[in-house]
$ cat start_36.cif   # mmCIF, C-alpha atoms
data_structure
#
loop_
_atom_site.label_atom_id
_atom_site.label_comp_id
_atom_site.auth_asym_id
_atom_site.auth_seq_id
_atom_site.Cartn_x
_atom_site.Cartn_y
_atom_site.Cartn_z
CA MET A 1 117.83 118.21 204.08
CA ALA A 2 114.02 117.99 203.96
CA HIS A 3 112.10 115.52 206.09
CA GLN A 4 109.13 113.30 205.28
CA ALA A 5 105.69 114.39 206.44
CA ALA A 6 102.81 112.32 207.78
CA PRO A 7 99.85 111.82 205.40
CA THR A 8 96.90 114.15 206.07
CA GLY A 9 94.45 112.61 203.61
CA GLU A 10 94.36 115.73 201.42
CA ILE A 11 94.67 114.98 197.69
CA HIS A 12 95.72 117.38 194.96
CA GLU A 13 95.29 116.24 191.38
CA VAL A 14 97.86 116.53 188.63
CA GLY A 15 96.65 118.53 185.63
CA ILE A 16 96.03 116.88 182.28
CA ALA A 17 98.94 118.68 180.59
CA ASP A 18 101.27 118.68 183.61
CA ILE A 19 104.63 117.01 183.15
CA PHE A 20 107.23 116.54 185.89
CA PHE A 21 110.98 116.31 185.52
CA SER A 22 113.74 115.40 187.95
CA THR A 23 117.12 113.73 187.99
CA THR A 24 118.97 111.99 190.79
CA ASP A 25 122.41 110.58 191.33
CA ARG A 26 122.95 106.82 191.53
CA ARG A 27 121.82 106.82 195.19
CA GLY A 28 118.50 108.53 194.41
CA VAL A 29 119.52 111.99 195.68
CA ILE A 30 117.76 114.78 193.75
CA GLU A 31 120.02 116.90 191.52
CA HIS A 32 117.58 118.67 189.17
CA ALA A 33 113.82 119.38 189.24
CA ASN A 34 111.50 121.46 187.10
CA ASP A 35 109.19 124.07 188.60
CA LEU A 36 106.12 121.82 188.43
CA PHE A 37 107.85 119.09 190.41
CA VAL A 38 108.89 121.62 193.05
CA SER A 39 105.36 123.05 193.21
CA PHE A 40 103.66 119.68 193.67
CA SER A 41 106.23 118.49 196.19
CA ARG A 42 105.40 121.55 198.33
CA PHE A 43 109.02 121.73 199.39
CA GLU A 44 111.25 124.69 198.68
CA ARG A 45 113.70 124.06 195.86
CA VAL A 46 116.63 124.40 198.24
CA GLU A 47 115.09 121.66 200.39
CA LEU A 48 114.62 119.31 197.46
CA ILE A 49 118.03 119.53 195.84
CA GLY A 50 120.37 117.24 197.72
CA SER A 51 117.58 115.29 199.44
CA PRO A 52 116.68 111.65 198.67
CA HIS A 53 113.75 111.22 196.31
CA ALA A 54 112.47 108.54 198.69
CA MET A 55 111.35 111.21 201.16
CA MET A 56 108.26 111.61 198.95
CA ARG A 57 107.39 107.92 199.11
CA HIS A 58 103.82 107.50 200.32
CA PRO A 59 103.28 104.84 203.02
CA ASP A 60 100.50 103.34 200.87
CA MET A 61 103.10 102.37 198.26
CA PRO A 62 104.33 98.77 198.72
CA GLY A 63 108.07 98.30 198.99
CA ALA A 64 107.97 95.64 196.26
CA VAL A 65 107.30 98.29 193.62
CA PHE A 66 110.48 100.18 194.47
CA HIS A 67 112.41 96.92 194.85
CA GLU A 68 111.45 96.06 191.26
CA MET A 69 112.16 99.61 190.10
CA TRP A 70 115.71 99.52 191.43
CA ALA A 71 116.26 96.02 190.04
CA ALA A 72 115.29 97.29 186.57
CA LEU A 73 117.33 100.51 186.79
CA LEU A 74 120.48 98.80 188.04
CA ALA A 75 120.13 96.33 185.16
CA GLY A 76 120.10 99.29 182.77
CA ARG A 77 116.39 99.10 181.96
CA PRO A 78 113.82 101.93 182.26
CA PHE A 79 110.98 101.61 184.76
CA ALA A 80 107.40 102.80 184.30
CA GLY A 81 104.44 102.56 186.64
CA HIS A 82 101.82 104.22 188.80
CA VAL A 83 103.14 105.96 191.91
CA THR A 84 101.51 107.84 194.77
CA ASN A 85 103.69 110.62 196.18
CA LEU A 86 103.62 112.35 199.57
CA ALA A 87 104.10 116.14 199.58
CA ALA A 88 105.80 118.19 202.27
CA ASP A 89 102.46 119.19 203.85
CA GLY A 90 101.21 115.58 204.04
CA SER A 91 98.98 115.81 200.97
CA THR A 92 99.19 113.22 198.21
CA TYR A 93 99.21 113.20 194.43
CA SER A 94 99.31 110.34 191.93
CA VAL A 95 101.47 110.16 188.82
CA TYR A 96 102.41 107.75 186.09
CA ALA A 97 106.20 107.74 186.43
CA THR A 98 109.01 106.79 184.10
CA VAL A 99 112.60 106.48 185.32
CA THR A 100 115.53 106.03 182.95
CA PRO A 101 119.20 105.23 183.67
CA LEU A 102 121.77 107.78 182.48
CA SER A 103 125.33 107.05 181.41
CA THR A 104 126.59 109.03 184.42
CA GLY A 105 125.10 106.40 186.73
CA GLY A 106 122.24 108.66 187.74
CA PHE A 107 118.58 108.54 186.74
CA LEU A 108 116.14 110.77 184.89
CA SER A 109 112.44 110.77 185.67
CA VAL A 110 109.49 112.17 183.69
CA ARG A 111 106.02 111.87 185.19
CA ILE A 112 102.48 112.70 184.06
CA ARG A 113 98.96 112.35 185.38
CA PRO A 114 97.63 108.78 185.14
CA MET A 115 95.42 109.05 182.04
CA ASP A 116 93.87 105.56 181.83
CA GLU A 117 91.51 104.99 184.75
CA THR A 118 91.21 101.27 184.05
CA GLN A 119 94.96 100.86 184.35
CA ALA A 120 95.10 103.12 187.41
CA ALA A 121 92.39 101.07 189.12
CA MET A 122 94.27 97.85 188.36
CA ALA A 123 97.43 99.35 189.88
CA ARG A 124 95.53 100.41 193.02
CA ASP A 125 94.16 96.88 193.45
CA LEU A 126 97.59 95.32 192.94
CA TYR A 127 99.24 97.74 195.37
CA ARG A 128 96.54 97.23 197.99
CA ASP A 129 97.06 93.47 197.94
CA LEU A 130 100.84 93.85 197.92
CA LEU A 131 100.79 96.27 200.84
CA ALA A 132 98.57 93.92 202.86
CA PHE A 133 101.01 91.08 202.15
CA GLU A 134 104.04 93.14 203.21
CA THR A 135 102.23 94.48 206.30
CA GLY A 136 101.51 90.91 207.37
CA LEU A 137 105.18 90.02 207.03
CA ARG A 138 106.27 93.07 208.99
CA ALA A 139 103.81 92.16 211.78
CA VAL A 140 105.69 88.91 212.39
CA GLY A 141 109.10 90.54 212.50
CA VAL A 142 110.24 90.45 208.86
CA THR A 143 112.49 93.41 208.04
CA ARG A 144 111.32 96.08 205.62
CA ARG A 145 113.91 95.07 203.02
CA ALA A 146 113.08 91.36 203.29
CA ALA A 147 109.35 92.13 203.11
CA ALA A 148 109.94 94.11 199.89
CA GLU A 149 111.96 91.24 198.39
CA ARG A 150 109.26 88.71 199.22
CA GLY A 151 106.68 91.22 198.07
CA ALA A 152 108.40 91.30 194.67
CA ALA A 153 107.75 87.56 194.27
CA LYS A 154 104.15 88.15 195.34
CA PHE A 155 103.93 90.96 192.79
CA THR A 156 104.87 88.53 190.00
CA GLU A 157 102.20 86.13 191.22
CA LEU A 158 99.51 88.84 191.27
CA LEU A 159 100.53 90.05 187.81
CA SER A 160 100.19 86.53 186.44
CA VAL A 161 96.64 86.34 187.79
CA ALA A 162 95.94 89.69 186.10
CA GLY A 163 97.17 88.29 182.77
CA PHE A 164 100.72 89.67 182.67
CA PRO A 165 103.65 87.22 182.66
CA SER A 166 105.99 89.83 184.15
CA LEU A 167 106.30 93.42 185.32
CA THR A 168 108.04 94.19 182.03
CA ALA A 169 104.95 92.98 180.16
CA LEU A 170 102.75 95.22 182.32
CA GLN A 171 104.95 98.25 181.58
CA GLN A 172 104.95 97.47 177.85
CA HIS A 173 101.16 97.39 178.03
CA THR A 174 100.58 100.53 180.11
CA LEU A 175 103.17 103.10 178.99
CA PRO A 176 102.11 103.37 175.31
CA ARG A 177 98.48 103.73 176.39
CA GLU A 178 99.24 106.37 179.01
CA VAL A 179 101.38 108.42 176.61
CA ALA A 180 98.84 108.14 173.76
CA LYS A 181 96.03 109.41 176.01
CA PHE A 182 98.28 112.13 177.43
CA GLU A 183 99.01 113.41 173.93
CA ARG A 184 95.39 113.25 172.82
CA ARG A 185 94.23 115.28 175.82
CA SER A 186 97.16 117.74 175.92
CA ASP A 187 97.78 120.70 173.65
CA PRO A 188 100.10 120.22 170.65
CA LEU A 189 103.74 121.15 171.07
CA PRO A 190 103.91 124.93 171.59
CA HIS A 191 105.12 127.33 168.90
CA ARG A 192 107.08 130.53 169.27
CA PRO A 193 107.02 132.14 165.79
CA ASP A 194 108.86 135.22 167.08
CA ALA A 195 111.82 133.19 168.39
CA THR A 196 115.06 133.58 166.48
CA GLY A 197 118.56 132.17 166.47
CA GLU A 198 119.70 129.12 168.35
CA VAL A 199 116.54 128.61 170.43
CA ALA A 200 114.30 128.85 167.36
CA GLU A 201 116.38 126.20 165.61
CA LEU A 202 116.31 124.07 168.75
CA LEU A 203 112.52 124.24 168.99
CA ALA A 204 112.21 123.35 165.30
CA THR A 205 114.47 120.32 165.80
CA VAL A 206 112.55 119.09 168.85
CA THR A 207 109.29 119.51 166.93
CA GLU A 208 110.72 117.48 164.06
CA VAL A 209 111.76 114.73 166.48
CA ASP A 210 108.19 114.67 167.79
CA THR A 211 106.80 114.46 164.25
CA VAL A 212 108.99 111.48 163.32
CA LEU A 213 108.12 109.75 166.61
CA SER A 214 104.42 110.31 165.93
CA SER A 215 104.82 108.54 162.60
CA SER A 216 106.62 105.71 164.38
CA SER A 217 103.84 105.60 167.00
CA LEU A 218 101.26 105.05 164.25
CA GLN A 219 103.39 102.25 162.82
CA GLN A 220 103.64 100.69 166.27
CA ARG A 221 99.86 100.75 166.69
CA HIS A 222 99.58 98.83 163.42
CA LEU A 223 102.14 96.35 164.76
CA ALA A 224 100.13 95.98 167.98
CA THR A 225 97.05 95.06 165.93
CA LEU A 226 99.05 92.62 163.84
CA SER A 227 100.58 91.17 166.98
CA THR A 228 97.11 90.31 168.25
CA SER A 229 96.40 88.57 164.93
CA LEU A 230 99.66 86.63 165.12
CA GLN A 231 98.90 85.37 168.60
CA SER A 232 95.36 84.40 167.63
CA VAL A 233 96.36 82.56 164.46
CA GLY A 234 99.31 80.85 166.16
CA SER A 235 97.05 79.54 168.92
CA GLN A 236 94.51 78.44 166.33
CA LEU A 237 97.19 76.49 164.47
CA GLN A 238 98.16 74.64 167.64
CA ARG A 239 94.51 73.79 168.41
CA GLU A 240 93.91 72.46 164.90
CA LEU A 241 96.96 70.22 165.02
CA GLU A 242 95.87 68.84 168.39
CA ALA A 243 92.33 68.23 167.10
CA THR A 244 93.63 66.42 164.01
CA SER A 245 95.89 64.24 166.13
CA ARG A 246 92.99 63.25 168.40
CA ASN A 247 90.73 62.41 165.48
CA ILE A 248 93.34 60.24 163.79
CA GLY A 249 94.01 58.45 167.05
CA GLN A 250 90.32 57.60 167.36
CA ILE A 251 90.11 56.40 163.73
CA THR A 252 93.18 54.23 164.19
CA ALA A 253 91.57 52.63 167.21
CA LEU A 254 88.37 51.92 165.24
CA ALA A 255 90.21 50.64 162.17
CA GLY A 256 90.97 47.33 163.85
CA SER A 257 87.25 46.42 163.97
CA SER A 258 86.42 47.79 160.52
CA THR A 259 85.62 45.53 157.54
CA ALA A 260 87.20 48.02 155.14
CA PRO A 261 90.46 47.03 153.35
CA PRO A 262 93.52 47.65 155.58
CA ASP A 263 95.26 49.75 152.91
CA LEU A 264 92.37 52.21 153.10
CA PHE A 265 93.91 53.63 156.24
CA GLU A 266 97.45 54.05 154.88
CA PRO A 267 97.11 57.86 154.48
CA LEU A 268 96.31 58.04 158.19
CA THR A 269 99.42 56.02 158.93
CA ILE A 270 101.52 58.44 156.89
CA TRP A 271 99.98 61.41 158.70
CA ALA A 272 100.48 59.77 162.09
CA GLN A 273 104.15 59.17 161.28
CA MET A 274 104.61 62.84 160.38
CA GLN A 275 102.78 64.19 163.43
CA GLY A 276 105.90 64.41 165.55
CA LEU A 277 107.81 66.36 162.90
CA ILE A 278 104.94 68.76 162.22
CA GLN A 279 104.32 69.29 165.93
CA SER A 280 108.00 70.13 166.35
CA TYR A 281 107.84 72.68 163.54
CA THR A 282 104.68 74.17 165.03
CA VAL A 283 106.25 74.52 168.47
CA ASP A 284 109.21 76.32 166.87
CA LEU A 285 106.86 78.54 164.89
CA ILE A 286 104.82 79.55 167.94
CA ALA A 287 108.04 80.27 169.85
CA VAL A 288 109.31 82.65 167.16
CA LEU A 289 105.89 84.30 166.98
CA ARG A 290 106.15 84.94 170.71
CA ARG A 291 109.60 86.48 170.31
CA LEU A 292 108.35 88.66 167.47
CA ASP A 293 105.48 89.85 169.66
CA GLU A 294 107.81 90.56 172.59
CA ASN A 295 110.15 92.54 170.34
CA SER A 296 107.26 94.61 169.01
CA ALA A 297 105.97 95.28 172.53
CA GLU A 298 109.39 96.50 173.67
CA HIS A 299 109.70 98.71 170.61
CA ARG A 300 106.30 100.30 171.35
CA PHE A 301 107.46 100.90 174.93
CA ARG A 302 110.61 102.66 173.72
CA VAL A 303 108.72 104.84 171.24
CA ALA A 304 106.29 105.94 173.96
CA LEU A 305 109.14 106.76 176.33
CA ALA A 306 110.90 108.77 173.62
CA LYS A 307 107.66 110.69 172.96
CA LEU A 308 107.41 111.58 176.63
CA HIS A 309 111.04 112.73 176.80
CA THR A 310 110.57 114.81 173.66
CA ARG A 311 107.50 116.48 175.15
CA MET A 312 109.51 117.27 178.28
CA MET A 313 112.37 118.62 176.19
CA ALA A 314 109.98 120.92 174.30
CA SER A 315 108.76 122.29 177.63
CA PHE A 316 112.32 123.26 178.61
CA VAL A 317 112.99 124.80 175.18
CA ILE A 318 109.91 127.00 175.61
CA GLU A 319 111.19 128.00 179.04
CA ARG A 320 114.51 128.97 177.45
CA ILE A 321 112.66 131.20 175.04
CA ASP A 322 110.28 132.69 177.61
CA ALA A 323 112.72 132.90 180.56
CA PRO A 324 116.26 133.31 179.19
CA ASP A 325 117.53 134.32 182.64
CA ARG A 326 117.36 130.64 183.64
CA GLN A 327 119.18 129.37 180.57
CA LYS A 328 121.77 127.31 182.42
CA THR A 329 119.17 125.22 184.29
CA GLN A 330 117.06 124.67 181.18
CA THR A 331 120.03 123.82 178.97
CA THR A 332 121.28 121.23 181.47
CA ALA A 333 117.85 119.57 181.51
CA ILE A 334 117.70 119.56 177.69
CA SER A 335 121.15 118.00 177.59
CA LEU A 336 120.15 115.20 179.97
CA LEU A 337 116.94 114.54 178.03
CA ALA A 338 118.91 114.43 174.77
CA GLU A 339 121.23 111.85 176.30
CA SER A 340 118.27 109.77 177.43
CA LEU A 341 116.76 110.01 173.95
CA ARG A 342 120.01 108.86 172.35
CA LEU A 343 120.21 105.84 174.63
CA GLY A 344 116.58 104.95 173.95
CA LEU A 345 116.91 105.43 170.19
CA THR A 346 119.94 103.17 170.11
CA GLU A 347 117.82 100.48 171.78
CA MET A 348 115.03 101.13 169.27
CA ASN A 349 117.46 100.65 166.40
CA GLU A 350 118.53 97.28 167.83
CA HIS A 351 114.89 96.23 168.15
CA ALA A 352 114.25 97.21 164.51
CA VAL A 353 117.14 95.01 163.37
CA ALA A 354 115.86 92.16 165.53
CA HIS A 355 112.34 92.68 164.16
CA ARG A 356 113.53 92.17 160.59
CA ALA A 357 115.46 89.04 161.57
CA LEU A 358 112.50 87.61 163.51
CA THR A 359 110.11 88.33 160.65
CA ALA A 360 112.38 86.45 158.23
CA GLU A 361 112.68 83.58 160.71
CA THR A 362 108.91 83.45 161.10
CA VAL A 363 108.32 83.36 157.35
CA ALA A 364 110.88 80.56 157.03
CA ALA A 365 109.18 78.58 159.82
CA ILE A 366 105.77 78.97 158.17
CA THR A 367 107.14 77.92 154.79
CA LYS A 368 108.77 74.84 156.30
CA SER A 369 105.58 73.87 158.16
CA ALA A 370 103.47 74.37 155.04
CA SER A 371 105.79 72.26 152.86
CA VAL A 372 105.78 69.37 155.35
CA LEU A 373 102.02 69.59 155.61
CA ALA A 374 101.39 69.66 151.83
CA ILE A 375 101.84 65.93 151.02
CA PRO A 376 99.80 64.41 153.88
CA ARG A 377 97.17 67.09 153.38
CA GLU A 378 96.73 66.11 149.71
CA LEU A 379 96.69 62.40 150.61
CA LEU A 380 93.98 62.94 153.21
CA VAL A 381 91.83 65.09 150.92
CA ASN A 382 91.98 62.32 148.27
CA TRP A 383 91.35 59.72 150.97
CA ASN A 384 88.17 61.47 152.03
CA GLN A 385 86.93 61.34 148.42
CA GLN A 386 87.60 57.57 148.29
CA LEU A 387 85.45 57.04 151.34
CA ALA A 388 82.34 58.14 149.44
CA GLY A 389 81.91 54.66 147.90
CA ILE A 390 82.84 52.68 151.00
CA GLU A 391 80.46 51.68 153.71
CA LEU A 392 81.76 52.81 157.09
CA SER A 393 80.19 53.09 160.46
CA PRO A 394 78.60 56.48 161.22
CA GLU A 395 81.30 57.18 163.82
CA MET A 396 84.08 56.37 161.33
CA GLN A 397 82.46 58.59 158.70
CA ARG A 398 82.22 61.48 161.17
CA LEU A 399 85.84 61.12 162.24
CA ALA A 400 87.05 60.85 158.63
CA HIS A 401 85.18 64.02 157.77
CA ASP A 402 86.62 65.80 160.85
CA VAL A 403 90.17 64.81 159.89
CA THR A 404 89.78 66.16 156.36
CA GLU A 405 88.23 69.39 157.66
CA SER A 406 91.09 69.81 160.12
CA ILE A 407 93.75 69.28 157.45
CA THR A 408 92.02 71.77 155.14
CA GLN A 409 91.78 74.29 157.95
CA LEU A 410 95.46 73.80 158.79
CA GLY A 411 96.44 74.82 155.28
CA GLU A 412 94.17 77.86 155.40
CA THR A 413 95.54 78.87 158.80
CA LEU A 414 99.13 78.67 157.58
CA ALA A 415 98.21 80.81 154.57
CA GLU A 416 96.57 83.36 156.88
CA LEU A 417 99.59 83.35 159.14
CA GLN A 418 101.87 83.88 156.14
CA GLY A 419 99.82 86.94 155.13
CA VAL A 420 99.85 88.49 158.61
CA VAL A 421 103.59 87.98 159.07
CA SER A 422 104.30 89.40 155.61
CA LEU A 423 102.26 92.50 156.49
CA CYS A 424 104.01 92.70 159.86
CA GLY A 425 107.35 92.63 158.07
CA ARG A 426 106.33 95.47 155.73
CA VAL A 427 105.01 97.61 158.57
CA GLY A 428 108.11 97.14 160.70
CA ALA A 429 110.68 97.08 157.92
CA GLU A 430 111.72 100.71 158.19
CA SER A 431 113.39 102.11 161.29
CA ASP A 432 113.19 105.80 162.13
CA ALA A 433 115.89 105.47 164.77
CA GLU A 434 118.78 106.51 162.52
CA GLU A 435 116.92 109.61 161.35
CA LEU A 436 115.99 110.44 164.93
CA LEU A 437 119.55 109.99 166.15
CA GLY A 438 120.66 112.48 163.52
CA LEU A 439 118.05 114.97 164.71
CA VAL A 440 119.01 114.56 168.35
CA ALA A 441 122.67 115.07 167.41
CA ARG A 442 121.71 118.53 166.17
CA ILE A 443 120.81 119.42 169.76
CA ASP A 444 124.40 118.74 170.91
CA PRO A 445 125.78 122.24 170.24
CA VAL A 446 123.50 123.69 172.95
CA ARG A 447 124.54 121.19 175.57
CA ALA A 448 126.00 122.64 178.76
CA PRO A 449 128.70 121.07 180.96
CA ARG A 450 127.13 118.80 183.57
CA HIS A 451 127.52 119.52 187.27
#

$ encode --input "start_36.cif" --output "structure tokens"
Amino acid sequence: MAHQAAPTGEIHEVGIADIFFSTTDRRGVIEHANDLFVSFSRFERVELIGSPHAMMRHPDMPGAVFHEMWAALLAGRPFAGHVTNLAADGSTYSVYATVTPLSTGGFLSVRIRPMDETQAAMARDLYRDLLAFETGLRAVGVTRRAAAERGAAKFTELLSVAGFPSLTALQQHTLPREVAKFERRSDPLPHRPDATGEVAELLATVTEVDTVLSSSSLQQRHLATLSTSLQSVGSQLQRELEATSRNIGQITALAGSSTAPPDLFEPLTIWAQMQGLIQSYTVDLIAVLRRLDENSAEHRFRVALAKLHTRMMASFVIERIDAPDRQKTQTTAISLLAESLRLGLTEMNEHAVAHRALTAETVAAITKSASVLAIPRELLVNWNQQLAGIELSPEMQRLAHDVTESITQLGETLAELQGVVSLCGRVGAESDAEELLGLVARIDPVRAPRH
């Protein structure tokens, strides 16, 4: 079994097109590794296989990160994040790592160079603060495990300050960006026009999977843009309702000292009575918008992960073509990646179903809010016209005008929201998961028995 080295300060950078692969058992003991992983680890292959992956953990990495990673994996969820590794000679290299649970109880990891420097810098800052926190705990006698657990709570706090409600939200934000930049800066999937037989068919199938995923990636980018619009319009709707409520409250307070006929303010009374109902509908609407956004973010995460696994699979297929003497090792890796793809695509299919249901729920919530708003909105527009021939104090006139403007804007906002959600529904209506599952199933005949 290999042993961990002490850091020397030497750094070796991961290449733009480099992609690492490894699998471990449920305890984190390495079972498979591609040549690039072996090369960067600077261990011999025989030293790596059978050794714990944790031996490459750099002391600059806070324990909280791995605590959260294991919590996600044991819950059946993939993990993605920036990691600094320690090689056998004490040198270091940084990767953006993804780790995925397998049905066997083990884990599959695919890693690339961190491609987004802004995200990498944010990770460095977070890890620096986390490490300082854990080091302080260790200095007063807290165990390493307890420091990591308390560090996990600190991690959540730091993420909130950075604008992410959870580690899951951070991963949903970073992985699609990292994979998109990786693909833009890497070469296209390789071709081997002279390949024949089973391996040629396999490469064609993997390429087709990548093509379908690329189409889905484009769709997901459209959904990301629409998601931003949904959040913006939803927040705007809430602000407008709150502004209208404040204005009516002020008018009601002034009405008692006004010389205008009491029935002049009846439309305001009707609106005030409906405020609670409309606020309730709005709260429900914003909640479903949030769920729709979360579903879309998770779907984008899954598409990006599938793209990365497909890229890794293509690399092994090319190795099978170029180095047939190592067919057993390559076929096993392809089999494991196919399994991971199937699991991920099944999740994607569930998200697509949920997306359609959430879109329908959102449209229904908007329609309900708009119908409740229609009558008081019309009353208040007519009321504002009546005020033209009535002498009111300047303050009352200003507030009456503000109320009418707010009601008008509310209607326009709901119409805008309806349009965005309708577009969101059209963009996300089709799921490529079933087609992709069929393609991945065509890889099954080349699967080798696992060992």

$ closest_residue --input "start_36.cif" --among "A:Leu380, A:Ala147, A:Met348, A:Leu108" --to "A:Ala297" --atoms "all atoms listed in the file"
A:Met348

$ residues_around --input "start_36.cif" --residues "stretch 164-176 of chain A" --least-positions-apart "4" --cutoff "7 Å" --atoms "only C-alpha atoms" --output "PDB file with C-alpha atoms, in the coordinates of the input"
ATOM      1  CA  ALA A  80     107.400 102.800 184.300  1.00  0.00           C
ATOM      2  CA  GLY A  81     104.440 102.560 186.640  1.00  0.00           C
ATOM      3  CA  THR A 156     104.870  88.530 190.000  1.00  0.00           C
ATOM      4  CA  LEU A 159     100.530  90.050 187.810  1.00  0.00           C
ATOM      5  CA  SER A 160     100.190  86.530 186.440  1.00  0.00           C
ATOM      6  CA  ALA A 180      98.840 108.140 173.760  1.00  0.00           C
ATOM      7  CA  ALA A 297     105.970  95.280 172.530  1.00  0.00           C
ATOM      8  CA  GLU A 298     109.390  96.500 173.670  1.00  0.00           C
ATOM      9  CA  ARG A 300     106.300 100.300 171.350  1.00  0.00           C
ATOM     10  CA  PHE A 301     107.460 100.900 174.930  1.00  0.00           C
ATOM     11  CA  ALA A 304     106.290 105.940 173.960  1.00  0.00           C
TER      12      ALA A 304
END

$ residues_around --input "start_36.cif" --residues "stretch 282-291 of chain A" --least-positions-apart "3" --cutoff "8 Å" --atoms "only C-alpha atoms" --output "PyMOL selection string"
chain A and resi 230-231+234-235+237-238+278-279+294-295+358+361-362+365-366+369

$ residues_around --input "start_36.cif" --residues "stretch 408-420 of chain A" --least-positions-apart "3" --cutoff "8 Å" --atoms "all atoms listed in the file" --output "list in words"
Leu226, Ser229, Leu230, Val233, Gly234, Gln236, Leu237, Glu240, Leu241, Val363, Ile366, Ala370, Leu373, Ala374, Arg377, Val381, Thr404, Glu405, Leu423 and Cys424 of chain A

$ resolve_selection --input "start_36.cif" --expression "the PyMOL selection byres ((chain A and resi 12) around 9)" --output "ChimeraX atom specification"
/A:10-11,13-14,40,91-94

$ atom_distance --input "start_36.cif" --atom1 "atom CA of A:Ala306" --atom2 "atom CA of A:Pro78"
11.4 Å

$ resolve_selection --input "start_36.cif" --expression "the PyMOL selection byres ((chain A and resi 182-199) around 7)" --output "CSV table (one decimal) with C-alpha atoms, keeping the file's coordinate frame"
chain,number,residue,atom,x,y,z
A,16,ILE,CA,96.0,116.9,182.3
A,17,ALA,CA,98.9,118.7,180.6
A,115,MET,CA,95.4,109.0,182.0
A,178,GLU,CA,99.2,106.4,179.0
A,179,VAL,CA,101.4,108.4,176.6
A,180,ALA,CA,98.8,108.1,173.8
A,181,LYS,CA,96.0,109.4,176.0
A,200,ALA,CA,114.3,128.8,167.4
A,201,GLU,CA,116.4,126.2,165.6
A,202,LEU,CA,116.3,124.1,168.8
A,203,LEU,CA,112.5,124.2,169.0
A,321,ILE,CA,112.7,131.2,175.0

$ closest_residue --input "start_36.cif" --among "A:Gly76, A:Pro101, A:Pro62, A:Gly106" --to "A:Glu31" --atoms "all atoms listed in the file"
A:Gly106

$ closest_residue --input "start_36.cif" --among "A:Leu277, A:Leu126, A:Ala88, A:Val140" --to "A:Glu157" --atoms "all atoms listed in the file"
A:Leu126

$ resolve_selection --input "start_36.cif" --expression "the PyMOL selection byres ((chain A and resi 20) around 10)" --output "MDAnalysis selection string"
chainID A and resid 14 18:19 21:22 33:40 95 97 109:113 312

$ atom_distance --input "start_36.cif" --atom1 "atom CA of A:Gln275" --atom2 "atom CA of A:Glu391"
27.4 Å

$ atom_distance --input "start_36.cif" --atom1 "atom CA of A:Arg138" --atom2 "atom CA of A:Phe155"
16.5 Å

$ closest_residue --input "start_36.cif" --among "A:Ala152, A:Val206, A:Ala146, A:Val440" --to "A:Ala338" --atoms "all atoms listed in the file"
A:Val440

$ closest_residue --input "start_36.cif" --among "A:Arg150, A:Asp60, A:Thr23, A:His401" --to "A:Gln385" --atoms "only C-alpha atoms"
A:His401

$ closest_residue --input "start_36.cif" --among "A:Ala148, A:Pro376, A:Glu47, A:Ala72" --to "A:Glu266" --atoms "all atoms listed in the file"
A:Pro376
